[in-house]
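Below: entry-v6.cif (mmCIF, C-alpha atoms)
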data_model
loop_
_atom_site.label_atom_id
_atom_site.label_comp_id
_atom_site.auth_asym_id
_atom_site.auth_seq_id
_atom_site.Cartn_x
_atom_site.Cartn_y
_atom_site.Cartn_z
CA MET A 1 -169.78 237.99 -169.96
CA ASP A 2 -171.97 239.45 -167.22
CA LYS A 3 -175.25 241.26 -167.80
CA ASN A 4 -173.87 244.78 -167.26
CA LYS A 5 -171.05 244.31 -169.79
CA ARG A 6 -173.44 242.87 -172.37
CA ARG A 7 -175.77 245.84 -171.85
CA ALA A 8 -172.87 248.29 -172.21
CA TYR A 9 -171.72 246.65 -175.45
CA ILE A 10 -175.24 246.76 -176.91
CA ILE A 11 -175.77 250.44 -175.97
CA ASN A 12 -172.36 251.49 -177.31
CA THR A 13 -172.91 249.56 -180.56
CA ILE A 14 -176.31 251.20 -181.05
CA ALA A 15 -174.78 254.65 -180.40
CA ILE A 16 -171.93 254.06 -182.89
CA VAL A 17 -174.26 252.80 -185.62
CA THR A 18 -176.79 255.59 -184.97
CA LEU A 19 -174.07 258.25 -185.23
CA TYR A 20 -172.84 256.75 -188.50
CA LEU A 21 -176.36 256.62 -189.92
CA ALA A 22 -176.93 260.26 -188.94
CA PHE A 23 -173.79 261.31 -190.84
CA PHE A 24 -174.68 259.02 -193.75
CA ILE A 25 -178.12 260.60 -194.11
CA LEU A 26 -176.69 264.12 -193.86
CA ILE A 27 -174.12 263.34 -196.56
CA GLN A 28 -176.55 261.56 -198.88
CA THR A 29 -179.12 264.37 -198.63
CA LYS A 30 -176.27 266.89 -199.24
CA THR A 31 -177.09 268.63 -195.96
CA MET A 32 -173.36 268.33 -195.26
CA ASN A 33 -171.29 269.81 -198.06
CA LYS A 34 -167.72 268.79 -198.96
CA TYR A 35 -166.25 271.36 -196.58
CA PHE A 36 -167.99 269.91 -193.49
CA ILE A 37 -167.30 266.34 -194.65
CA GLY A 38 -163.64 267.31 -194.82
CA ILE A 39 -163.76 268.66 -191.27
CA ALA A 40 -165.37 265.39 -190.10
CA ILE A 41 -162.63 263.32 -191.79
CA LEU A 42 -159.82 265.45 -190.34
CA THR A 43 -161.49 265.21 -186.92
CA CYS A 44 -161.43 261.40 -187.15
CA ILE A 45 -157.71 261.52 -188.03
CA MET A 46 -156.99 263.84 -185.10
CA ILE A 47 -158.94 261.50 -182.79
CA ILE A 48 -156.61 258.67 -183.84
CA MET A 49 -153.55 260.86 -183.26
CA ALA A 50 -154.77 262.01 -179.83
CA MET A 51 -155.58 258.46 -178.69
CA SER A 52 -152.20 257.19 -179.89
CA LEU A 53 -150.36 259.96 -178.01
CA ASN A 54 -152.43 259.16 -174.92
CA ILE A 55 -150.72 255.76 -174.74
CA VAL A 56 -147.43 257.51 -173.91
CA ALA A 57 -148.63 260.74 -172.26
CA GLY A 58 -151.64 259.25 -170.45
CA PHE A 59 -151.08 255.54 -169.81
CA LEU A 60 -147.29 255.77 -169.36
CA GLY A 61 -147.25 259.33 -168.01
CA GLU A 62 -144.27 260.55 -170.05
CA MET A 63 -143.97 263.87 -171.88
CA ALA A 64 -143.63 263.12 -175.62
CA LEU A 65 -143.58 266.23 -177.80
CA GLY A 66 -142.51 264.75 -181.13
CA HIS A 67 -145.59 262.81 -182.19
CA ALA A 68 -145.82 264.64 -185.52
CA GLY A 69 -142.57 262.94 -186.52
CA PHE A 70 -144.14 259.47 -186.32
CA MET A 71 -147.17 260.73 -188.21
CA ALA A 72 -144.81 262.01 -190.92
CA ILE A 73 -143.04 258.64 -191.15
CA GLY A 74 -146.37 256.83 -191.47
CA ALA A 75 -147.67 259.31 -194.04
CA TYR A 76 -144.61 259.26 -196.31
CA SER A 77 -143.96 255.51 -196.11
CA SER A 78 -147.61 254.59 -196.76
CA ALA A 79 -147.89 257.12 -199.61
CA SER A 80 -144.68 255.82 -201.21
CA PHE A 81 -146.00 252.26 -200.94
CA SER A 82 -149.38 253.07 -202.53
CA ILE A 83 -147.74 255.06 -205.35
CA ALA A 84 -145.39 252.15 -206.08
CA LEU A 85 -148.30 249.69 -205.95
CA PHE A 86 -150.39 251.69 -208.43
CA ASN A 87 -147.38 252.20 -210.72
CA SER A 88 -146.65 248.47 -210.73
CA GLY A 89 -149.92 247.80 -212.54
CA ILE A 90 -151.31 245.52 -209.81
CA ILE A 91 -155.06 246.12 -209.62
CA LEU A 92 -156.57 245.92 -206.14
CA PRO A 93 -159.70 247.46 -204.60
CA ASP A 94 -159.10 250.92 -203.14
CA LEU A 95 -159.98 249.79 -199.62
CA VAL A 96 -157.45 246.93 -199.80
CA VAL A 97 -154.75 249.35 -201.00
CA LEU A 98 -155.59 251.73 -198.16
CA ILE A 99 -155.40 248.97 -195.54
CA LEU A 100 -152.08 247.69 -196.93
CA ALA A 101 -150.70 251.24 -197.00
CA MET A 102 -151.83 251.78 -193.40
CA ILE A 103 -150.12 248.57 -192.30
CA VAL A 104 -146.89 249.67 -194.01
CA GLY A 105 -147.11 253.18 -192.50
CA GLY A 106 -147.88 251.82 -189.03
CA MET A 107 -145.14 249.19 -189.10
CA VAL A 108 -142.44 251.63 -190.30
CA ALA A 109 -143.49 254.20 -187.68
CA GLY A 110 -143.56 251.45 -185.02
CA ILE A 111 -140.02 250.36 -185.90
CA PHE A 112 -138.82 253.95 -185.58
CA GLY A 113 -140.71 254.11 -182.27
CA ILE A 114 -138.63 251.19 -180.99
CA LEU A 115 -135.38 252.68 -182.31
CA ILE A 116 -136.09 256.09 -180.81
CA GLY A 117 -137.84 254.91 -177.65
CA THR A 118 -135.17 252.43 -176.50
CA PRO A 119 -132.49 255.07 -175.77
CA THR A 120 -134.72 258.09 -175.02
CA LEU A 121 -137.02 256.47 -172.46
CA ARG A 122 -134.10 256.31 -170.05
CA LEU A 123 -134.79 260.04 -169.66
CA ARG A 124 -137.76 261.52 -167.82
CA GLY A 125 -139.94 264.62 -167.75
CA ASP A 126 -138.70 267.71 -169.57
CA TYR A 127 -135.57 265.95 -170.83
CA LEU A 128 -137.63 263.32 -172.63
CA GLY A 129 -139.83 266.05 -174.13
CA ILE A 130 -136.78 267.94 -175.43
CA VAL A 131 -135.26 264.80 -176.98
CA THR A 132 -138.52 263.81 -178.70
CA ILE A 133 -138.80 267.34 -180.14
CA GLY A 134 -135.28 266.91 -181.50
CA PHE A 135 -136.09 263.57 -183.16
CA SER A 136 -139.27 265.02 -184.67
CA GLU A 137 -137.32 267.94 -186.16
CA ILE A 138 -134.68 265.55 -187.53
CA ILE A 139 -137.41 263.56 -189.28
CA ARG A 140 -138.96 266.73 -190.72
CA ILE A 141 -135.62 268.06 -191.97
CA PHE A 142 -134.83 264.64 -193.44
CA PHE A 143 -137.98 264.74 -195.58
CA ILE A 144 -137.21 268.33 -196.60
CA ASN A 145 -133.91 267.15 -198.06
CA PHE A 146 -134.96 263.67 -199.26
CA GLN A 147 -135.61 264.10 -202.98
CA PRO A 148 -137.24 260.68 -203.70
CA THR A 149 -140.25 261.87 -201.65
CA GLY A 150 -140.32 265.31 -203.25
CA GLY A 151 -138.09 267.15 -200.77
CA ALA A 152 -139.28 270.58 -199.69
CA ALA A 153 -141.71 270.74 -202.65
CA GLY A 154 -143.71 267.86 -201.17
CA LEU A 155 -144.86 264.44 -202.33
CA LYS A 156 -147.44 264.48 -205.13
CA GLY A 157 -149.30 261.83 -207.06
CA ILE A 158 -150.94 260.19 -204.05
CA THR A 159 -154.29 258.59 -204.83
CA LYS A 160 -157.13 259.83 -202.62
CA LEU A 161 -158.46 256.67 -200.96
CA VAL A 162 -160.00 258.05 -197.76
CA ASN A 163 -163.65 258.99 -197.46
CA PHE A 164 -165.93 259.45 -194.48
CA ASN A 165 -167.28 255.88 -194.62
CA ASN A 166 -163.94 254.12 -194.29
CA VAL A 167 -162.26 256.65 -191.96
CA TYR A 168 -165.21 256.51 -189.52
CA TRP A 169 -165.06 252.73 -189.11
CA ILE A 170 -161.26 252.68 -189.04
CA THR A 171 -161.38 255.23 -186.21
CA ILE A 172 -163.89 253.06 -184.33
CA VAL A 173 -161.70 249.94 -184.73
CA ILE A 174 -158.57 251.79 -183.57
CA ALA A 175 -160.47 253.23 -180.57
CA ILE A 176 -161.61 249.72 -179.59
CA LEU A 177 -158.06 248.34 -179.95
CA ILE A 178 -156.49 251.08 -177.80
CA PHE A 179 -159.28 250.89 -175.20
CA THR A 180 -158.89 247.09 -175.01
CA PHE A 181 -155.12 247.42 -174.72
CA GLY A 182 -155.53 249.85 -171.82
CA ARG A 183 -157.70 247.30 -169.98
CA SER A 184 -155.37 244.35 -170.72
CA LYS A 185 -152.64 243.13 -168.37
CA HIS A 186 -150.04 244.92 -170.52
CA GLY A 187 -151.98 248.17 -170.34
CA ARG A 188 -152.36 247.84 -166.56
CA ALA A 189 -148.62 247.20 -166.27
CA ILE A 190 -147.90 250.41 -168.20
CA ILE A 191 -150.33 252.36 -165.99
CA SER A 192 -148.64 250.91 -162.88
CA ILE A 193 -145.32 252.34 -164.13
CA ARG A 194 -146.99 255.74 -164.37
CA GLU A 195 -148.26 255.49 -160.80
CA ASP A 196 -145.02 254.26 -159.23
CA GLU A 197 -142.14 252.97 -161.34
CA ILE A 198 -140.04 251.76 -158.42
CA ALA A 199 -142.93 249.79 -156.90
CA SER A 200 -143.76 248.30 -160.30
CA GLU A 201 -140.17 247.17 -160.84
CA SER A 202 -140.11 245.70 -157.33
CA ALA A 203 -143.27 243.75 -158.15
CA GLY A 204 -141.55 242.17 -161.17
CA VAL A 205 -142.86 244.40 -163.96
CA PRO A 206 -140.17 244.76 -166.69
CA THR A 207 -140.43 248.54 -166.81
CA THR A 208 -138.00 249.15 -169.69
CA ARG A 209 -139.76 246.62 -171.92
CA TYR A 210 -143.20 248.08 -171.22
CA LYS A 211 -141.98 251.65 -171.75
CA VAL A 212 -140.66 250.71 -175.19
CA LEU A 213 -143.89 248.80 -175.90
CA ALA A 214 -146.00 251.88 -175.08
CA PHE A 215 -143.77 254.15 -177.17
CA SER A 216 -143.73 251.82 -180.17
CA LEU A 217 -147.50 251.24 -180.03
CA ALA A 218 -148.11 255.00 -179.89
CA ALA A 219 -145.81 255.40 -182.92
CA PHE A 220 -147.63 252.56 -184.74
CA PHE A 221 -151.06 254.13 -184.32
CA ALA A 222 -149.61 257.55 -185.22
CA GLY A 223 -148.35 255.93 -188.41
CA LEU A 224 -151.88 254.72 -189.15
CA GLY A 225 -153.15 258.27 -188.65
CA GLY A 226 -150.43 259.56 -190.96
CA ALA A 227 -151.41 257.04 -193.64
CA LEU A 228 -155.03 258.18 -193.48
CA TYR A 229 -153.95 261.82 -193.66
CA ALA A 230 -151.74 261.18 -196.70
CA HIS A 231 -154.47 259.36 -198.59
CA TYR A 232 -157.05 262.02 -197.81
CA ILE A 233 -155.05 265.19 -198.55
CA ALA A 234 -153.27 263.41 -201.48
CA PHE A 235 -150.27 265.72 -201.03
CA LEU A 236 -147.58 265.79 -198.36
CA GLU A 237 -145.28 268.63 -197.41
CA PRO A 238 -142.76 268.39 -194.55
CA SER A 239 -143.73 271.77 -193.09
CA LYS A 240 -147.08 270.28 -191.96
CA PHE A 241 -145.33 268.00 -189.45
CA ASN A 242 -143.60 270.73 -187.48
CA PHE A 243 -143.14 271.29 -183.75
CA MET A 244 -146.40 273.23 -183.39
CA PHE A 245 -148.39 270.32 -184.80
CA SER A 246 -146.94 268.07 -182.08
CA ILE A 247 -147.90 270.69 -179.49
CA GLU A 248 -151.46 270.80 -180.87
CA MET A 249 -151.79 267.05 -180.36
CA PHE A 250 -150.33 267.26 -176.85
CA VAL A 251 -152.77 270.07 -175.97
CA ILE A 252 -155.68 267.90 -177.15
CA VAL A 253 -154.57 265.06 -174.87
CA VAL A 254 -154.00 267.33 -171.84
CA LEU A 255 -157.31 269.13 -172.36
CA GLY A 256 -159.23 265.85 -172.62
CA GLY A 257 -157.47 264.36 -169.61
CA LEU A 258 -154.23 262.39 -169.45
CA GLY A 259 -155.20 258.72 -169.51
CA SER A 260 -158.80 259.27 -170.68
CA LEU A 261 -159.49 258.05 -174.23
CA THR A 262 -163.01 259.46 -174.26
CA GLY A 263 -161.54 262.77 -173.10
CA SER A 264 -159.12 262.70 -176.03
CA ILE A 265 -161.97 261.98 -178.44
CA ILE A 266 -164.14 264.85 -177.19
CA SER A 267 -161.18 267.24 -176.98
CA ALA A 268 -160.08 266.34 -180.52
CA ILE A 269 -163.60 267.03 -181.80
CA VAL A 270 -163.75 270.41 -180.02
CA LEU A 271 -160.25 271.63 -180.88
CA THR A 272 -160.47 270.49 -184.51
CA THR A 273 -163.90 271.95 -185.25
CA LEU A 274 -163.64 275.12 -183.12
CA PRO A 275 -161.02 276.89 -185.29
CA GLU A 276 -163.06 276.04 -188.40
CA MET A 277 -166.27 277.37 -186.87
CA LEU A 278 -164.49 280.62 -185.98
CA ARG A 279 -163.11 281.27 -189.47
CA GLY A 280 -165.77 283.95 -189.95
CA PHE A 281 -164.12 285.82 -187.08
CA ALA A 282 -160.59 285.44 -188.43
CA GLN A 283 -159.16 288.32 -186.41
CA TYR A 284 -160.53 286.92 -183.14
CA ARG A 285 -160.20 283.20 -183.90
CA LEU A 286 -156.86 282.60 -182.19
CA LEU A 287 -157.89 284.83 -179.26
CA VAL A 288 -161.03 282.77 -178.56
CA TYR A 289 -159.12 279.51 -179.06
CA SER A 290 -156.43 280.59 -176.56
CA LEU A 291 -158.97 281.84 -174.01
CA VAL A 292 -160.81 278.50 -174.06
CA LEU A 293 -157.54 276.69 -173.27
CA ILE A 294 -156.53 279.16 -170.52
CA ILE A 295 -159.94 279.02 -168.82
CA MET A 296 -159.93 275.23 -168.99
CA MET A 297 -156.45 274.95 -167.48
CA ILE A 298 -157.35 277.37 -164.64
CA PHE A 299 -160.67 275.80 -163.61
CA ARG A 300 -160.07 272.19 -164.72
CA PRO A 301 -156.29 271.55 -164.84
CA GLN A 302 -156.74 267.76 -164.88
CA GLY A 303 -158.64 268.00 -168.18
CA ILE A 304 -162.26 267.33 -169.10
CA PHE A 305 -162.40 263.80 -167.68
CA GLY A 306 -159.11 263.59 -165.79
CA ARG A 307 -158.17 259.90 -165.81
CA THR A 308 -161.72 258.59 -165.94
CA GLU A 309 -163.71 257.49 -168.97
CA PHE A 310 -167.12 258.71 -170.04
CA SER A 311 -169.66 255.91 -169.79
CA LEU A 312 -172.76 256.13 -171.98
CA THR A 313 -174.39 253.39 -169.90
CA GLY A 314 -173.62 255.30 -166.70
CA ALA A 315 -175.07 258.50 -168.18
CA ILE A 316 -178.29 256.69 -169.13
CA ASP A 317 -178.54 255.13 -165.65
CA LEU A 318 -178.02 258.56 -164.08
CA LEU A 319 -180.82 260.09 -166.19
CA ILE A 320 -183.17 257.23 -165.27
CA LEU A 321 -182.27 257.61 -161.58
CA ARG A 322 -182.93 261.35 -161.66
CA LYS A 323 -186.22 260.81 -163.45
CA ASN A 324 -187.35 258.20 -160.91
CA THR A 325 -186.21 260.43 -158.01
CA LYS A 326 -188.19 263.37 -159.41
CA LYS A 327 -191.29 261.17 -159.80
CA SER A 328 -191.02 259.92 -156.23
CA VAL A 329 -190.60 263.47 -154.91
CA ASP A 330 -193.58 264.69 -156.93
CA GLY A 331 -195.62 261.72 -155.74
CA GLY A 332 -194.71 262.46 -152.12
CA LYS A 333 -195.81 266.09 -152.47
CA SER A 334 -199.16 265.11 -153.93
#
Entire entry expressed as structure tokens:
Amino acid sequence: MDKNKRRAYIINTIAIVTLYLAFFILIQTKTMNKYFIGIAILTCIMIIMAMSLNIVAGFLGEMALGHAGFMAIGAYSSASFSIALFNSGIILPDLVVLILAMIVGGMVAGIFGILIGTPTLRLRGDYLGIVTIGFSEIIRIFFINFQPTGGAAGLKGITKLVNFNNVYWITIVIAILIFTFGRSKHGRAIISIREDEIASESAGVPTTRYKVLAFSLAAFFAGLGGALYAHYIAFLEPSKFNFMFSIEMFVIVVLGGLGSLTGSIISAIVLTTLPEMLRGFAQYRLLVYSLVLIIMMIFRPQGIFGRTEFSLTGAIDLLILRKNTKKSVDGGKS
């Protein structure tokens, strides 16, 4: 590992720990009440969902508009598993149950990602978007009519296992995994398909296999997000996972920048907290929310970061450079 990478890892680790400690102090001193803690937890879940969708929409460059369906599969399967585990009388720590439930939710969603992605990824552009919407609606309607999970009335009796401490670190781990995947040879192969599929296939990249891999991985991480959502809300209703929820996630990814994970993180934070901050202006809330999106798409259509990533190390170096430049200019004037 070279010196620059080691420095970047140290700075990023310090920033992550410092941010956690800041939240921890605010929660312990009750500066943050339950309402704002809830917003922070939901923001973490939306960050996971946005990053998972970015694997397909950003890395692969395909329009997927049914991501809420995979979240629903992960939520219902993980909740059903945890309910069965608690009812069986097996006593395990809450964190262990949550991790097991997340694995179940992610694996089931990933399997459905393979089943759905294998035939649909032969399509492109708008056609793929329409088909993924259809699959998402099929999943939602299935849960409306599937009585073992409560049907239209929703699934109750889920134990609340998610708190800010565990969801924060789970979000960090998932962000690291997706970021590492994007920099791996498999991630670069998927990005090459986005840039030029014909050239990639000519170079020996198995495009179909990597398309399915991207789709199934996105579904897997969406399933993890669904598991966290289920074990935080402790109640699931199919109407939550509708078409508009998929559109919300897609808007977050586009606004942050297709292919930029840090853009997805910042966009998820803004678009999750902004509606909550505007609740006092209920009659103007949707107007302001829509105007922000319209202005952003007019003046910055590629998103906040485009396809680049925000570098904390680079930002620090830029501040130091500006400071040194200002000093040298001031010294020259004197």
Need the shell around Pro301 of chain A: protein/DNA/RNA residues with any atom at most 9 Å away, counting all atoms listed in the file. Skip same-chain ones fewer than 5 positions apart. Format as a ChimeraX atom specification? /A:254-255,257,296,306
For the residues in that selection, give me C-alpha atoms as a PDB file, in the frame of the given file.
ATOM      1  CA  VAL A 254    -154.000 267.330-171.840  1.00  0.00           C
ATOM      2  CA  LEU A 255    -157.310 269.130-172.360  1.00  0.00           C
ATOM      3  CA  GLY A 257    -157.470 264.360-169.610  1.00  0.00           C
ATOM      4  CA  MET A 296    -159.930 275.230-168.990  1.00  0.00           C
ATOM      5  CA  GLY A 306    -159.110 263.590-165.790  1.00  0.00           C
TER       6      GLY A 306
END
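Pairwise distance (atom CA of Asn54 of chain A, atom CA of Thr180 of chain A) equals 13.7 Å.
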Can you work out which one of A:Cys44, A:Met49, A:Ile269, A:Ile190 has the shortest atom-to-atom distance to Val162 of chain A, counting all atoms listed in the file? A:Cys44
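Interatomic distance, atom CA of Lys240 of chain A to atom CA of Leu177 of chain A: 27.3 Å.
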Might you pull out every residue within 7 Å of segment 57-70 of chain A, with all atoms listed in the file counted and same-chain residues fewer than 4 positions away left off, and present them as a ChimeraX atom specification? /A:53,74,109,124-126,128-129,132-133,135-136,139-140,190-191,193-194,219,222-223,241-242,245-247,250,258-259
Spatial neighbours of Leu95 of chain A, max dist 8 Å, all atoms listed in the file, sep filter under 2 positions, as a VMD selection string: chain A and resid 93 97 to 99 161 166
Translate the PyMOL selection byres ((chain A and resi 46) around 12) into a concrete residue list for this structure, as number ranges by chain. A: 39-45, 47-53, 67-68, 71, 167-168, 171, 221-222, 224-226, 228-229, 245-246, 248-253, 264-273
Prev. selection, C-alpha atoms, output as a compact mmCIF listing (two decimals), in the frame of the given file:
# COMPACT_ATOMS: atom_id res chain seq x y z
CA ILE A 39 -163.76 268.66 -191.27
CA ALA A 40 -165.37 265.39 -190.10
CA ILE A 41 -162.63 263.32 -191.79
CA LEU A 42 -159.82 265.45 -190.34
CA THR A 43 -161.49 265.21 -186.92
CA CYS A 44 -161.43 261.40 -187.15
CA ILE A 45 -157.71 261.52 -188.03
CA ILE A 47 -158.94 261.50 -182.79
CA ILE A 48 -156.61 258.67 -183.84
CA MET A 49 -153.55 260.86 -183.26
CA ALA A 50 -154.77 262.01 -179.83
CA MET A 51 -155.58 258.46 -178.69
CA SER A 52 -152.20 257.19 -179.89
CA LEU A 53 -150.36 259.96 -178.01
CA HIS A 67 -145.59 262.81 -182.19
CA ALA A 68 -145.82 264.64 -185.52
CA MET A 71 -147.17 260.73 -188.21
CA VAL A 167 -162.26 256.65 -191.96
CA TYR A 168 -165.21 256.51 -189.52
CA THR A 171 -161.38 255.23 -186.21
CA PHE A 221 -151.06 254.13 -184.32
CA ALA A 222 -149.61 257.55 -185.22
CA LEU A 224 -151.88 254.72 -189.15
CA GLY A 225 -153.15 258.27 -188.65
CA GLY A 226 -150.43 259.56 -190.96
CA LEU A 228 -155.03 258.18 -193.48
CA TYR A 229 -153.95 261.82 -193.66
CA PHE A 245 -148.39 270.32 -184.80
CA SER A 246 -146.94 268.07 -182.08
CA GLU A 248 -151.46 270.80 -180.87
CA MET A 249 -151.79 267.05 -180.36
CA PHE A 250 -150.33 267.26 -176.85
CA VAL A 251 -152.77 270.07 -175.97
CA ILE A 252 -155.68 267.90 -177.15
CA VAL A 253 -154.57 265.06 -174.87
CA SER A 264 -159.12 262.70 -176.03
CA ILE A 265 -161.97 261.98 -178.44
CA ILE A 266 -164.14 264.85 -177.19
CA SER A 267 -161.18 267.24 -176.98
CA ALA A 268 -160.08 266.34 -180.52
CA ILE A 269 -163.60 267.03 -181.80
CA VAL A 270 -163.75 270.41 -180.02
CA LEU A 271 -160.25 271.63 -180.88
CA THR A 272 -160.47 270.49 -184.51
CA THR A 273 -163.90 271.95 -185.25
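Residue nearest Tyr210 of chain A, chosen from A:Thr118, A:Thr262, A:Ser78, A:Ser290 and counting all atoms listed in the file: A:Thr118.
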List the spatial neighbours of Leu19 of chain A as a list in words - criterion: any atom at most 12 Å away, all atoms listed in the file, same-chain residues fewer than 5 positions off excluded. Asn12, Thr13, Ile14, Phe24, Ile25, Leu26, Asn165, Tyr168, Trp169 and Ile172 of chain A
Please, could you write that set of residues out with C-alpha atoms as a compact mmCIF listing (two decimals), in the frame of the given file?
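Written out: part.txt:
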# COMPACT_ATOMS: atom_id res chain seq x y z
CA ASN A 12 -172.36 251.49 -177.31
CA THR A 13 -172.91 249.56 -180.56
CA ILE A 14 -176.31 251.20 -181.05
CA PHE A 24 -174.68 259.02 -193.75
CA ILE A 25 -178.12 260.60 -194.11
CA LEU A 26 -176.69 264.12 -193.86
CA ASN A 165 -167.28 255.88 -194.62
CA TYR A 168 -165.21 256.51 -189.52
CA TRP A 169 -165.06 252.73 -189.11
CA ILE A 172 -163.89 253.06 -184.33
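Among the candidates A:Leu217, A:Ile295, A:Ala203, A:Met32, the one nearest to Phe181 of chain A when counting only C-alpha atoms is A:Leu217.
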Given only C-alpha atoms as the basis, pick out the residue of A:Ile174, A:Val212, A:Ala72, A:Ile90 nearest to Ile144 of chain A. A:Ala72
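Across the model, the gap from atom CA of Glu195 of chain A to atom CA of Asn4 of chain A is 28.5 Å.
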Residues matched by the PyMOL selection byres ((chain A and resi 237) around 9), written as a list in words: Phe143, Ile144, Gly150, Gly151, Ala152, Ala153, Gly154, Leu155, Phe235, Leu236, Pro238, Ser239, Lys240 and Phe241 of chain A
I'd like to know which of A:Ile178, A:Ile27, A:Leu213, A:Val173 is closest to Leu115 of chain A, using all atoms listed in the file. A:Leu213
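Proximity to Ile233 of chain A was assessed for A:Ile141, A:Ile158, A:Val104, A:Leu293 counting only C-alpha atoms; the smallest distance is recorded for A:Ile158.
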Keeping just C-alpha atoms, export segment 215-245 of chain A of this structure as a PDB file, in the first residue's frame.
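Contents of part-v8.pdb, as written:
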ATOM      1  CA  PHE A 215     -28.516  -6.954 -11.314  1.00  0.00           C
ATOM      2  CA  SER A 216     -28.353  -9.716  -8.700  1.00  0.00           C
ATOM      3  CA  LEU A 217     -25.888  -7.779  -6.522  1.00  0.00           C
ATOM      4  CA  ALA A 218     -28.129  -4.709  -6.652  1.00  0.00           C
ATOM      5  CA  ALA A 219     -31.077  -6.912  -5.638  1.00  0.00           C
ATOM      6  CA  PHE A 220     -29.011  -8.479  -2.817  1.00  0.00           C
ATOM      7  CA  PHE A 221     -28.096  -5.131  -1.276  1.00  0.00           C
ATOM      8  CA  ALA A 222     -31.682  -3.912  -1.770  1.00  0.00           C
ATOM      9  CA  GLY A 223     -32.756  -6.980   0.196  1.00  0.00           C
ATOM     10  CA  LEU A 224     -30.404  -5.954   3.004  1.00  0.00           C
ATOM     11  CA  GLY A 225     -31.964  -2.493   2.996  1.00  0.00           C
ATOM     12  CA  GLY A 226     -35.419  -4.064   3.100  1.00  0.00           C
ATOM     13  CA  ALA A 227     -34.433  -6.223   6.077  1.00  0.00           C
ATOM     14  CA  LEU A 228     -33.241  -3.160   7.981  1.00  0.00           C
ATOM     15  CA  TYR A 229     -36.439  -1.303   7.114  1.00  0.00           C
ATOM     16  CA  ALA A 230     -38.625  -4.200   8.295  1.00  0.00           C
ATOM     17  CA  HIS A 231     -36.821  -4.506  11.614  1.00  0.00           C
ATOM     18  CA  TYR A 232     -36.944  -0.775  12.247  1.00  0.00           C
ATOM     19  CA  ILE A 233     -40.572  -0.018  11.328  1.00  0.00           C
ATOM     20  CA  ALA A 234     -41.679  -3.410  12.795  1.00  0.00           C
ATOM     21  CA  PHE A 235     -44.659  -3.437  10.416  1.00  0.00           C
ATOM     22  CA  LEU A 236     -44.849  -4.060   6.682  1.00  0.00           C
ATOM     23  CA  GLU A 237     -47.592  -3.104   4.274  1.00  0.00           C
ATOM     24  CA  PRO A 238     -47.374  -3.771   0.515  1.00  0.00           C
ATOM     25  CA  SER A 239     -48.522  -0.256  -0.417  1.00  0.00           C
ATOM     26  CA  LYS A 240     -45.169   1.130   0.820  1.00  0.00           C
ATOM     27  CA  PHE A 241     -43.287  -0.644  -1.987  1.00  0.00           C
ATOM     28  CA  ASN A 242     -45.166   0.947  -4.864  1.00  0.00           C
ATOM     29  CA  PHE A 243     -44.001   2.411  -8.173  1.00  0.00           C
ATOM     30  CA  MET A 244     -43.465   5.897  -6.731  1.00  0.00           C
ATOM     31  CA  PHE A 245     -41.051   4.538  -4.121  1.00  0.00           C
TER      32      PHE A 245
END
